[in-house]
Structures are given as structure tokens and as C-alpha cells.
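Reproduced below: work22.cif, with mmCIF, C-alpha atoms and all ligand atoms.
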data_final
#
loop_
_atom_site.label_atom_id
_atom_site.label_comp_id
_atom_site.auth_asym_id
_atom_site.auth_seq_id
_atom_site.Cartn_x
_atom_site.Cartn_y
_atom_site.Cartn_z
CA MET A 1 49.37 61.10 27.88
CA ARG A 2 50.45 59.19 24.80
CA LYS A 3 47.72 57.10 23.32
CA ALA A 4 48.48 53.38 23.12
CA PRO A 5 48.49 51.99 19.58
CA SER A 6 45.61 49.76 18.62
CA ARG A 7 46.27 46.03 18.22
CA SER A 8 45.80 46.01 14.48
CA SER A 9 47.94 49.07 13.85
CA LEU A 10 50.70 47.57 16.05
CA LEU A 11 50.66 44.33 14.06
CA LEU A 12 50.64 46.29 10.80
CA THR A 13 53.74 48.14 11.94
CA ILE A 14 55.50 44.87 12.78
CA GLY A 15 54.51 43.44 9.44
CA VAL A 16 55.81 46.40 7.45
CA CYS A 17 59.12 46.36 9.38
CA GLY A 18 59.43 42.63 8.80
CA ALA A 19 58.87 43.09 5.09
CA VAL A 20 61.61 45.67 4.98
CA VAL A 21 63.99 43.40 6.93
CA GLY A 22 63.10 40.52 4.67
CA PHE A 23 63.77 42.63 1.61
CA PHE A 24 67.28 43.48 2.86
CA LEU A 25 67.89 39.86 3.89
CA SER A 26 66.98 38.70 0.40
CA ILE A 27 69.40 41.19 -1.11
CA GLY A 28 72.19 40.19 1.29
CA VAL A 29 71.82 36.39 0.96
CA GLY A 30 70.69 36.31 -2.62
CA VAL A 31 68.68 33.02 -2.32
CA ILE A 32 65.77 32.34 0.03
CA THR A 33 64.58 28.76 0.55
CA ALA A 34 60.95 27.88 1.09
CA ARG A 35 61.75 27.06 4.74
CA ASP A 36 63.26 30.47 5.23
CA ALA A 37 60.23 32.16 3.68
CA ALA A 38 57.91 30.44 6.18
CA VAL A 39 59.50 32.20 9.13
CA LEU A 40 59.68 35.61 7.52
CA PRO A 41 57.81 38.25 9.52
CA GLU A 42 55.63 39.25 6.59
CA ASN A 43 53.39 36.27 7.50
CA ALA A 44 52.39 38.13 10.63
CA VAL A 45 50.43 40.67 8.58
CA SER A 46 47.56 38.30 7.78
CA LEU A 47 47.23 36.56 11.13
CA PRO A 48 44.72 38.50 13.27
CA MET A 49 42.55 40.13 10.62
CA SER A 50 39.47 38.01 10.09
CA ILE A 51 36.25 38.86 11.93
CA ALA A 52 35.66 35.23 12.68
CA GLN A 53 38.95 34.95 14.46
CA VAL A 54 38.25 38.09 16.39
CA ALA A 55 34.73 37.06 17.34
CA GLY A 56 35.84 33.56 18.19
CA VAL A 57 38.49 34.50 20.78
CA PRO A 58 37.04 34.01 24.24
CA ARG A 59 37.94 36.53 26.91
CA GLN A 60 37.34 36.82 30.58
CA ALA A 61 34.24 38.83 31.26
CA GLY A 62 36.17 41.55 33.11
CA GLU A 63 38.74 41.90 30.36
CA ALA A 64 36.04 41.95 27.68
CA ALA A 65 34.26 44.66 29.57
CA GLY A 66 37.42 46.77 29.31
CA LEU A 67 38.29 46.61 33.03
CA THR A 68 41.83 45.38 32.38
CA GLY A 69 44.32 45.59 29.54
CA ALA A 70 44.31 47.91 26.57
CA PRO A 71 41.09 49.49 25.18
CA LYS A 72 39.51 47.54 22.30
CA LEU A 73 38.52 49.65 19.34
CA SER A 74 35.49 48.43 17.28
CA LEU A 75 34.91 45.34 19.43
CA MET A 76 32.24 44.73 22.02
CA PRO A 77 31.71 42.07 24.65
CA VAL A 78 28.66 39.85 24.22
CA MET A 79 27.48 36.59 25.73
CA ALA A 80 27.38 34.14 22.77
CA MET A 81 25.98 30.71 23.46
CA GLY A 82 26.80 31.04 27.15
CA ARG A 83 30.36 32.39 26.78
CA TRP A 84 31.67 35.93 26.88
CA VAL A 85 33.33 36.82 23.58
CA GLU A 86 34.35 39.95 21.74
CA VAL A 87 32.72 40.63 18.43
CA PRO A 88 32.88 43.58 16.05
CA LEU A 89 30.43 46.35 16.72
CA GLY A 90 27.39 45.99 14.46
CA SER A 91 27.44 42.17 14.51
CA ARG A 92 24.20 40.35 13.78
CA VAL A 93 22.65 37.61 15.88
CA ALA A 94 23.28 34.80 13.32
CA ALA A 95 27.00 35.67 13.04
CA VAL A 96 27.43 35.90 16.81
CA ALA A 97 25.62 32.59 17.41
CA GLY A 98 27.79 30.90 14.80
CA VAL A 99 25.36 28.00 14.43
CA VAL A 100 22.03 27.51 12.71
CA PRO A 101 19.34 26.81 15.31
CA PRO A 102 18.58 23.07 14.93
CA ALA A 103 15.10 22.08 13.85
CA GLY A 104 13.06 19.57 15.84
CA ASP A 105 12.27 16.09 14.53
CA LEU A 106 9.15 14.43 13.23
CA VAL A 107 8.39 11.76 15.81
CA ASP A 108 5.74 9.12 16.34
CA VAL A 109 3.46 9.17 19.36
CA GLU A 110 5.98 7.13 21.29
CA GLY A 111 8.74 9.64 20.58
CA ALA A 112 10.69 7.57 18.04
CA VAL A 113 12.25 9.77 15.34
CA LEU A 114 10.56 9.32 11.97
CA GLU A 115 12.45 12.06 10.14
CA ALA A 116 15.25 14.05 11.74
CA GLY A 117 14.97 17.80 11.24
CA ALA A 118 11.41 17.64 9.89
CA GLY A 119 9.90 19.25 13.01
CA MET A 120 9.55 22.95 13.84
CA ALA A 121 12.40 25.28 12.86
CA GLY A 122 14.92 26.26 15.56
CA ARG A 123 14.97 29.86 16.88
CA TYR A 124 17.51 32.58 17.71
CA LEU A 125 17.21 34.26 21.09
CA LEU A 126 18.45 37.77 21.89
CA ASN A 127 18.47 38.36 25.63
CA GLY A 128 16.05 35.49 25.99
CA VAL A 129 13.58 36.84 23.43
CA GLU A 130 12.98 35.15 20.07
CA CYS A 131 14.40 37.16 17.17
CA TRP A 132 15.52 36.79 13.59
CA GLY A 133 19.12 36.06 12.64
CA GLY A 134 19.63 39.51 11.16
CA ALA A 135 18.87 41.35 14.41
CA LEU A 136 21.57 43.77 15.58
CA VAL A 137 23.57 42.81 18.69
CA HIS A 138 24.53 45.45 21.22
CA PRO A 139 27.30 45.34 23.86
CA SER A 140 26.59 42.90 26.70
CA ASP A 141 23.67 41.28 24.83
CA ALA A 142 23.21 37.55 25.19
CA VAL A 143 22.75 35.52 21.99
CA ASP A 144 21.53 31.95 22.04
CA VAL A 145 19.73 29.40 19.93
CA VAL A 146 17.01 26.94 20.87
CA ARG A 147 16.11 23.72 19.11
CA GLY A 148 12.75 23.66 17.34
CA ASP A 149 9.94 21.61 18.82
CA ASP A 150 9.34 18.05 17.68
CA VAL A 151 6.27 17.45 15.61
CA VAL A 152 4.25 14.35 16.44
CA GLU A 153 2.90 12.67 13.30
CA THR A 154 -0.80 13.12 12.71
CA ILE A 155 -2.95 10.29 13.97
CA ALA A 156 -5.90 9.50 11.77
CA VAL A 157 -8.91 7.88 13.38
CA GLU A 158 -10.83 5.70 10.97
CA ALA A 159 -13.68 3.23 11.23
CA ARG A 160 -12.97 -0.16 9.68
CA THR A 161 -15.49 -2.84 8.88
CA VAL A 162 -14.84 -6.29 10.26
CA PRO A 163 -16.52 -8.95 8.13
CA GLN A 164 -18.71 -11.29 10.06
CA ASP A 165 -18.23 -15.04 10.18
CA LEU A 166 -20.51 -17.33 8.21
CA LEU A 167 -22.29 -20.05 10.14
CA PHE A 168 -23.19 -22.85 7.74
CA LYS A 169 -26.03 -25.27 8.21
CA GLY A 170 -26.45 -28.29 6.01
CA ALA A 171 -24.30 -29.49 3.11
CA GLY A 172 -24.23 -29.10 -0.65
CA PRO A 173 -23.17 -26.63 -3.34
CA PHE A 174 -26.21 -24.32 -3.13
CA PHE A 175 -26.01 -21.43 -0.67
CA ALA A 176 -28.74 -19.21 0.72
CA LEU A 177 -28.39 -16.46 3.28
CA LYS A 178 -30.90 -16.95 6.07
CA ASN A 179 -29.77 -14.20 8.40
CA ALA A 180 -27.36 -11.51 7.28
CA GLY A 181 -26.08 -10.78 10.78
CA CYS A 182 -24.03 -7.64 10.75
CA PRO A 183 -20.41 -6.73 10.18
CA GLY A 184 -18.40 -5.34 13.07
CA VAL A 185 -16.84 -1.91 13.23
CA VAL A 186 -13.53 -1.08 14.87
CA GLU A 187 -12.09 2.38 15.31
CA VAL A 188 -8.44 2.38 14.33
CA ARG A 189 -5.90 5.04 15.32
CA ARG A 190 -3.21 5.07 12.66
CA GLY A 191 -0.13 7.23 12.08
CA GLU A 192 -0.68 8.99 8.77
CA LEU A 193 2.97 8.74 7.74
CA THR A 194 4.04 5.43 9.21
CA GLY A 195 0.74 3.65 8.75
CA GLU A 196 1.45 2.22 12.18
CA ILE A 197 -1.61 1.35 14.22
CA PHE A 198 -1.54 2.79 17.72
CA GLY A 199 -4.79 1.42 19.01
CA THR A 200 -8.05 -0.19 18.01
CA GLU A 201 -11.38 -0.07 19.72
CA GLU A 202 -14.34 -2.27 18.92
CA LYS A 203 -17.37 -0.09 18.22
CA VAL A 204 -19.77 -2.69 16.89
CA ARG A 205 -19.38 -6.38 17.63
CA PRO A 206 -19.87 -8.46 14.43
CA LYS A 207 -22.84 -10.83 14.35
CA PRO A 208 -22.29 -13.95 12.26
CA ALA A 209 -24.43 -14.56 9.19
CA SER A 210 -26.33 -17.83 8.97
CA VAL A 211 -26.11 -19.61 5.67
CA THR A 212 -28.05 -22.64 4.54
CA ARG A 213 -26.43 -25.16 2.23
CA VAL A 214 -28.57 -27.40 0.07
CA ARG A 215 -27.97 -30.47 -2.08
CA TYR A 216 -30.56 -31.79 -4.56
CA ARG A 217 -31.04 -35.50 -5.27
CA PRO A 218 -32.73 -36.18 -8.61
CA ARG A 219 -34.83 -39.34 -9.11
CA GLU A 220 -32.51 -40.58 -11.80
CA LYS A 221 -28.72 -40.48 -11.45
CA LYS A 222 -27.64 -37.13 -12.79
CA VAL A 223 -24.78 -34.64 -12.59
CA VAL A 224 -24.40 -31.04 -13.71
CA LEU A 225 -21.42 -30.05 -15.85
CA THR A 226 -20.48 -26.44 -15.19
CA LEU A 227 -17.82 -24.42 -17.00
CA ASP A 228 -16.34 -21.17 -15.67
CA ASP A 229 -14.49 -18.12 -17.02
CA GLY A 230 -15.63 -18.30 -20.65
CA PRO A 231 -16.78 -18.00 -23.23
CA SER A 232 -13.50 -18.27 -25.11
CA GLU A 233 -13.51 -18.50 -28.88
CA LYS A 234 -11.42 -21.63 -29.23
CA TYR A 235 -12.25 -23.81 -26.21
CA THR A 236 -15.91 -22.93 -25.77
CA SER A 237 -16.55 -23.67 -29.44
CA ALA A 238 -14.83 -27.05 -29.13
CA ILE A 239 -16.76 -27.86 -25.95
CA LEU A 240 -20.09 -26.85 -27.54
CA ASP A 241 -19.26 -29.16 -30.47
CA LEU A 242 -18.55 -32.01 -28.04
CA LEU A 243 -21.70 -31.42 -25.99
CA LYS A 244 -23.79 -31.29 -29.15
CA ALA A 245 -22.28 -34.51 -30.44
CA GLU A 246 -22.93 -36.20 -27.07
CA GLY A 247 -26.40 -34.71 -26.62
CA VAL A 248 -25.38 -33.28 -23.24
CA ARG A 249 -26.48 -29.96 -21.74
CA ALA A 250 -24.21 -27.98 -19.45
CA VAL A 251 -24.09 -24.71 -17.50
CA PHE A 252 -21.74 -21.89 -18.49
CA PHE A 253 -20.73 -19.46 -15.71
CA MET A 254 -19.57 -16.66 -17.93
CA LEU A 255 -17.69 -13.45 -17.37
CA GLY A 256 -19.70 -10.49 -18.61
CA ARG A 257 -16.73 -9.02 -20.46
CA ASN A 258 -16.38 -12.24 -22.48
CA VAL A 259 -20.10 -12.31 -23.17
CA ALA A 260 -19.91 -8.75 -24.49
CA THR A 261 -17.12 -9.61 -26.92
CA ARG A 262 -18.44 -13.04 -28.02
CA PRO A 263 -22.23 -12.75 -28.16
CA ALA A 264 -22.49 -15.28 -30.99
CA LEU A 265 -21.13 -18.05 -28.76
CA VAL A 266 -23.61 -17.12 -26.03
CA LYS A 267 -26.45 -17.19 -28.51
CA ARG A 268 -25.34 -20.62 -29.67
CA MET A 269 -25.26 -21.92 -26.06
CA ALA A 270 -28.85 -20.81 -25.52
CA ALA A 271 -29.98 -22.25 -28.85
CA GLU A 272 -28.46 -25.62 -27.97
CA GLY A 273 -30.20 -25.82 -24.59
CA HIS A 274 -27.39 -24.94 -22.21
CA GLU A 275 -27.92 -22.81 -19.14
CA LEU A 276 -26.34 -19.36 -19.15
CA ALA A 277 -25.03 -18.36 -15.72
CA ASN A 278 -23.20 -15.50 -14.10
CA HIS A 279 -19.57 -15.37 -12.90
CA GLY A 280 -19.32 -11.59 -12.51
CA TYR A 281 -18.15 -9.18 -15.17
CA SER A 282 -14.37 -9.22 -14.89
CA HIS A 283 -13.34 -11.79 -12.24
CA VAL A 284 -12.37 -9.12 -9.73
CA LEU A 285 -14.66 -9.85 -6.80
CA ASP A 286 -13.11 -11.07 -3.58
CA GLU A 287 -13.50 -10.99 0.23
CA THR A 288 -13.09 -7.22 0.28
CA SER A 289 -15.68 -6.37 -2.37
CA SER A 290 -18.56 -4.18 -1.30
CA GLN A 291 -22.18 -5.20 -1.80
CA ALA A 292 -22.59 -2.37 -4.29
CA ASP A 293 -19.63 -3.57 -6.40
CA ILE A 294 -20.77 -7.20 -6.27
CA LYS A 295 -24.30 -6.31 -7.29
CA ALA A 296 -23.01 -4.11 -10.12
CA GLU A 297 -20.80 -6.94 -11.46
CA ILE A 298 -23.67 -9.41 -11.38
CA GLU A 299 -26.19 -7.07 -12.98
CA ARG A 300 -23.80 -5.91 -15.69
CA THR A 301 -23.11 -9.52 -16.66
CA SER A 302 -26.78 -10.44 -16.59
CA ARG A 303 -27.55 -7.51 -18.92
CA ALA A 304 -24.79 -8.63 -21.31
CA VAL A 305 -26.20 -12.18 -21.38
CA LYS A 306 -29.73 -10.90 -21.93
CA LYS A 307 -28.52 -8.72 -24.77
CA ALA A 308 -26.71 -11.66 -26.40
CA ALA A 309 -29.25 -14.43 -25.83
CA GLY A 310 -32.51 -12.84 -24.73
CA SER A 311 -32.74 -13.95 -21.08
CA PRO A 312 -31.04 -12.68 -17.92
CA THR A 313 -29.09 -14.99 -15.61
CA VAL A 314 -30.38 -16.46 -12.33
CA TRP A 315 -27.36 -18.41 -11.05
CA PHE A 316 -24.24 -16.75 -9.69
CA ARG A 317 -20.89 -18.31 -8.88
CA PRO A 318 -18.42 -15.89 -7.25
CA PRO A 319 -14.92 -15.85 -8.77
CA GLY A 320 -12.64 -18.24 -6.92
CA GLY A 321 -15.63 -19.61 -5.04
CA VAL A 322 -15.24 -16.84 -2.47
CA LEU A 323 -18.18 -16.63 -0.10
CA THR A 324 -18.90 -13.71 2.17
CA ALA A 325 -22.07 -12.36 3.69
CA ASP A 326 -21.81 -9.42 1.28
CA ILE A 327 -21.54 -11.72 -1.75
CA LEU A 328 -24.54 -13.77 -0.65
CA GLN A 329 -26.57 -10.68 0.19
CA ALA A 330 -25.68 -8.83 -3.02
CA ALA A 331 -26.42 -11.89 -5.17
CA GLN A 332 -29.81 -12.26 -3.51
CA ALA A 333 -30.51 -8.56 -4.00
CA ALA A 334 -29.64 -8.99 -7.69
CA GLY A 335 -32.13 -11.88 -7.94
CA HIS A 336 -29.53 -14.65 -8.18
CA ARG A 337 -28.94 -17.90 -6.34
CA VAL A 338 -25.37 -18.76 -5.39
CA VAL A 339 -23.92 -22.11 -6.34
CA LEU A 340 -20.38 -23.45 -6.04
CA TRP A 341 -19.55 -27.10 -6.82
CA ASP A 342 -19.19 -30.56 -5.33
CA ILE A 343 -16.26 -31.75 -7.42
CA ASP A 344 -13.42 -29.62 -8.75
CA SER A 345 -11.93 -31.24 -11.86
CA GLU A 346 -8.76 -29.23 -11.14
CA ASP A 347 -8.37 -28.72 -14.88
CA TRP A 348 -6.77 -25.33 -14.16
CA LEU A 349 -4.19 -27.07 -11.98
CA ALA A 350 -3.47 -29.74 -14.61
CA ALA A 351 -2.93 -27.00 -17.21
CA ARG A 352 -0.67 -25.02 -14.89
CA ASP A 353 1.43 -27.99 -13.80
CA GLY A 354 1.68 -29.67 -17.21
CA LEU A 355 -0.29 -32.76 -16.16
CA GLY A 356 -2.21 -34.90 -18.63
CA ALA A 357 -5.95 -35.04 -19.28
CA ALA A 358 -6.01 -38.28 -17.25
CA ALA A 359 -5.36 -36.26 -14.09
CA ILE A 360 -8.57 -34.27 -14.73
CA VAL A 361 -10.55 -37.41 -15.49
CA ASP A 362 -9.35 -39.01 -12.24
CA SER A 363 -10.28 -35.93 -10.22
CA VAL A 364 -13.87 -36.22 -11.44
CA LEU A 365 -14.45 -39.96 -11.67
CA ASP A 366 -12.35 -41.44 -8.89
CA PRO A 367 -14.52 -42.00 -6.96
CA LEU A 368 -17.64 -41.64 -9.12
CA PRO A 369 -19.67 -38.52 -8.20
CA ALA A 370 -22.71 -38.75 -5.94
CA ASN A 371 -26.10 -38.31 -7.56
CA GLY A 372 -26.87 -34.61 -8.07
CA SER A 373 -23.21 -33.53 -7.97
CA VAL A 374 -22.16 -30.27 -9.55
CA LEU A 375 -18.86 -30.65 -11.44
CA LEU A 376 -16.49 -27.74 -12.05
CA PHE A 377 -14.52 -27.23 -15.30
CA HIS A 378 -13.15 -24.16 -17.09
CA ASP A 379 -13.64 -23.14 -20.70
CA GLY A 380 -11.76 -19.84 -20.33
CA GLY A 381 -9.00 -18.15 -18.38
CA GLY A 382 -6.08 -20.06 -19.94
CA ASN A 383 -5.14 -22.94 -22.21
CA ARG A 384 -8.06 -25.37 -21.91
CA CYS A 385 -6.96 -28.05 -24.42
CA LEU A 386 -6.73 -30.54 -21.55
CA THR A 387 -10.26 -29.69 -20.41
CA VAL A 388 -11.68 -30.33 -23.90
CA GLU A 389 -9.84 -33.65 -24.06
CA ALA A 390 -10.77 -34.73 -20.51
CA LEU A 391 -14.42 -33.70 -20.86
CA ALA A 392 -14.90 -36.12 -23.77
CA THR A 393 -13.67 -38.99 -21.59
CA VAL A 394 -15.64 -37.86 -18.53
CA ILE A 395 -18.93 -37.66 -20.47
CA ARG A 396 -18.40 -41.04 -22.11
CA ARG A 397 -17.53 -42.81 -18.85
CA LEU A 398 -20.34 -41.17 -16.87
CA LYS A 399 -22.82 -42.21 -19.53
CA ALA A 400 -21.41 -45.74 -19.39
CA ALA A 401 -21.90 -45.68 -15.59
CA GLY A 402 -25.56 -44.72 -16.02
CA TYR A 403 -25.41 -40.98 -15.36
CA GLY A 404 -27.48 -38.42 -17.13
CA PHE A 405 -26.78 -34.67 -17.38
CA CYS A 406 -28.95 -31.68 -16.59
CA THR A 407 -28.83 -27.97 -15.91
CA LEU A 408 -28.93 -26.37 -12.46
CA SER A 409 -32.51 -25.20 -12.90
CA GLU A 410 -33.57 -28.71 -13.86
CA LEU A 411 -31.71 -30.17 -10.90
CA ALA A 412 -33.25 -27.75 -8.40
CA GLY A 413 -36.70 -27.81 -10.00
CA ALA A 414 -37.21 -31.51 -10.51
CA ALA A 415 -35.29 -33.02 -7.61
CA ALA A 416 -37.14 -35.78 -5.81
CA THR A 417 -35.42 -35.02 -2.53
CA TYR A 418 -33.01 -32.48 -1.22
CA ASP A 419 -30.79 -32.20 1.81
CA TYR A 420 -32.00 -29.23 3.75
CA PRO A 421 -31.18 -28.47 7.34
CA SER A 422 -34.14 -28.61 9.68
ZN ZN B 1 -13.47 -18.14 -12.30
#
What does the file become when written as C-alpha cells?
Amino acid sequence: MRKAPSRSSLLLTIGVCGAVVGFFLSIGVGVITARDAAVLPENAVSLPMSIAQVAGVPRQAGEAAGLTGAPKLSLMPVMAMGRWVEVPLGSRVAAVAGVVPPAGDLVDVEGAVLEAGAGMAGRYLLNGVECWGGALVHPSDAVDVVRGDDVVETIAVEARTVPQDLLFKGAGPFFALKNAGCPGVVEVRRGELTGEIFGTEEKVRPKPASVTRVRYRPREKKVVLTLDDGPSEKYTSAILDLLKAEGVRAVFFMLGRNVATRPALVKRMAAEGHELANHGYSHVLDETSSQADIKAEIERTSRAVKKAAGSPTVWFRPPGGVLTADILQAAQAAGHRVVLWDIDSEDWLAARDGLGAAAIVDSVLDPLPANGSVLLFHDGGGNRCLTVEALATVIRRLKAAGYGFCTLSELAGAAATYDYPS
């Protein structure tokens, strides 16, 4: 029996014949247009030759298995992605699948996609068994891909401190911690990538701290001038000159870093009878500061003051007037008493908003301060020209109204009466 020609050899024969016919046509006509060339049989030669085209032609299972039609040389039937196809013998799994197995996604605990394709890698399957893309495919094998698993973002469980409330008793600018209470603790479940919080659980209920506030009333009408954020070369010098000329003593709440760089000014303050007080080292303390950090800031400043002027500090004013149980506790542990103020001159605000010195004077003297008031000014932390100017007026007018001036230690030590909660 005569053997049937293979498909490729048949097409090759047609192509060669076509080329010959085309050659004679070109001789006979002499000119071939582009449109004519497009229909010439030589185009048939390249049509069925690529493996992809061969592998991509779906066939009926029976036909692929060779039950009908002509025999297929070098091709084999396989089940690719759920369809019977013919592919060249020796094909590999990746080529037969024709797609890269899709990776899973990175998702949050609720299944929302955080990053597509960032999950587990997808997998090739050969007859239902995981394999690598280079595995050899045999006739009638089934090739498939499966999507990789999603990866759920890691949930970190962390304990967070909840600061306790402060319960104040009494009134006045002096603060003392009577009962530290205790901060609360909550356990927080947080997505490590999103930062999203998926649940909190109270572990320790916070207990409020009790704080006593005190005000001292001296026998004679007196106020305390306090100046924060210095010493600064220019403004502190000018203020010291003014105080000396007026015979007035004040309290300087200094930053340790300024003390360290201007020890001569600190020495002068002490020599002229002013009280040297503590405002922390670098004005960084706030509601979030730990007791250890607060204590370190206070002690470092106190050491700088002692080095410059011979005595450590005993009064502490937290930057920004921030009060927390930690600040009060740390100050006490560092041997300091905490004092804020009764009257804010708002000199910093006047400087910021371009107001005149009169605005500062009005803040302090309208109405006139109560006996024993602590007044807040700034000799550092910005342009303090207005403060120097206003302070001269404030001192003069207070003197005219019968006020004297003293330090905090004098106020607390020699007060005839004080407001103290029972
Ligand atoms: Zn300050």
C-alpha cells in the first residue's frame, strides 16, 4: 500500500510547484504588482511551520488519538489546560501550558489585596502532580497550572502603654504627685505592612494619678518673674542688665544645652542673686517621653548648671508646660519640684505675630496679678527684643503698684499662707 505523504511534505510540494508556476508567470507577464505577489502560492510555504501554531490547533480527542484521518508524524495528543491539543513530541510542560502559573496575592486578614502577585508562586501540574516547567510531556498527559496561594500579611501583637489621666486637687502653679496611679496597657494587633490595627484588647486598666496643686501667698505683695528657654547671649544679657538696674531678682528656667555653651551668663545670674532653674536639656520632652528620658534631661541640665555656677537646680518646668504622670514622677525622682505659671505674658506670641511690647505688658498687668503669682517670659528661643522692652515697663508699673519680686524658693519658703487642698 502506498504511504500517504505527511502534511508538511505535502505543503512543501505545493509550495515548490507554486514557486515554479510563479517563476513562469513572471517571465510571461514581465511585471508583477504587489497585489499579485500576495496571492502567489509561494506564501503557502511558511504557513503551517511554527511549533506554536501546531501546538495551538485544537483537535477532537478521537482525531488527536489517531482514530480518524491521516497519521500525524512527530505530534502527540495531550490535554493542555483542559483541552485536547497536538504538540510536538518532546514538548515541555511550560510550552504546553502556554501560560506562566499566576502567583497569589499578598492580602490583609480580611482578604483585601495589598499587593497583587506578591503571594506564593503559581505551580505547573503534570497529571495532577506538581512539577517544574521543564518536565517532559508524554502522549495523553494532562498539563495544567494552579494559582499560588495568597499570603496573609503578618500580624504583629504589641503591648502599648496608655497614659493615665491626672486628677488635680487644688489650684496654683506648683504641682506635686500624690499618687502615681498606673498607666494602662492594651494589646494591639497590627498588620506589619499596612500598619492597620485589627483589634485591641485592654490588658491593664489605667489608674489615674492624683496631683496636688499649690499656690503660695506671701505676707507682702510679691510676684515671681520667670524666664524660659535661655540663656541667650543677647537677650539674657540685656535682661540681667535691666534686673540689676531695677534691683529685681528673677528665676531662669534654662535649657541645659544653653547653659553648657554660655556658662559665664549662668555664673553672672547666680552672682546677682537670681534663681537658676531647670527646663530640660534640649526642649524635647513631651507627652510621650519616658520617665528615664525625662530624668536624664533634668539631671543633665542640673549638672551643667552646677558646673557653671556651683549649685544644682531644684525647680523644673517641663517644656511647653506639658504635664504627665511620668513627668511629675521623673522630676520628683530627680529631686525637683514642678512649677508652671499663673500668667503667661505671651511674649512668644507677640514676637511671632509682630505685635508690640504693649501687648505683652497688657497680658501681664491687665488685670494686675494676684499676690504670689508666677509670671512667664522668655529670654531665649527666638527674637526677644519685645520681651526686654516689655519687661522694663512691667517691672516699673508693678513697683508703682506696690509689688515686690522674689524667687520661687523665697516664695515657697517664706509664704504666710498657701492654698493647699485638704
Ligand atoms: Zn520652653
A:Thr200, A:Asn278, A:Asn383, A:Thr154 ranked by distance to ligand ZN 1 (chain B), top pick (using all atoms listed in the file) |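 Under the stated criterion, the closest residue is A:Asn278.
For the atom pair formed by CA of Asp366 (chain A) and CA of Cys406 (chain A), the distance is 20.7 Å, given to one decimal.
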Please, what is the axis-aligned box for every listed atom of region 402-416 of chain A with 5 Å on each side, as centre and edge lengths in Å to one decimal, as JSON?
{"center_x": -31.3, "center_y": -35.0, "center_z": -11.6, "size_x": 21.8, "size_y": 29.5, "size_z": 21.6}
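Of the residues listed (A:Gly320, A:Gly117, A:Gly372, A:Gly256), A:Gly320 shows the shortest atom-to-atom separation from ligand ZN 1 (chain B); distances use only C-alpha atoms and all ligand atoms.
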Region 164-177 of chain A: which residues within 7 Å, counting all atoms listed in the file, same-chain residues fewer than 6 positions away excluded, as a list in words?
-> Pro183, Gly184, Pro206, Lys207, Pro208, Ala209, Ser210, Val211, Thr212, Arg213, Val214, Arg215, Ala325, Leu328, Gln329, Val338, Val339, Leu340, Trp341, Asp342, Tyr420 and Pro421 of chain A
Proximity of chain A to ligand ZN 1 (chain B): per-residue shortest pair, 9 Å limit, only C-alpha atoms and all ligand atoms, as a Markdown table:
| residue | atom | partner | partner_atom | distance |
| --- | --- | --- | --- | --- |
| A:Leu227 | CA | B:ZN1 | ZN | 9.0 |
| A:Asp228 | CA | B:ZN1 | ZN | 5.4 |
| A:Asp229 | CA | B:ZN1 | ZN | 4.8 |
| A:Gly230 | CA | B:ZN1 | ZN | 8.6 |
| A:Phe253 | CA | B:ZN1 | ZN | 8.1 |
| A:Met254 | CA | B:ZN1 | ZN | 8.4 |
| A:Leu255 | CA | B:ZN1 | ZN | 8.1 |
| A:His279 | CA | B:ZN1 | ZN | 6.7 |
| A:Gly280 | CA | B:ZN1 | ZN | 8.8 |
| A:His283 | CA | B:ZN1 | ZN | 6.4 |
| A:Arg317 | CA | B:ZN1 | ZN | 8.2 |
| A:Pro318 | CA | B:ZN1 | ZN | 7.4 |
| A:Pro319 | CA | B:ZN1 | ZN | 4.5 |
| A:Gly320 | CA | B:ZN1 | ZN | 5.4 |
| A:Gly321 | CA | B:ZN1 | ZN | 7.7 |
| A:His378 | CA | B:ZN1 | ZN | 7.7 |
| A:Gly380 | CA | B:ZN1 | ZN | 8.4 |
| A:Gly381 | CA | B:ZN1 | ZN | 7.5 |
Which protein, DNA or RNA residues have an atom at most 7 Å from (-12.1, -28.7, -25.6), counting all atoms listed in the file? List them as a PyMOL selection string.
-> chain A and resi 235-236+238-239+384-389
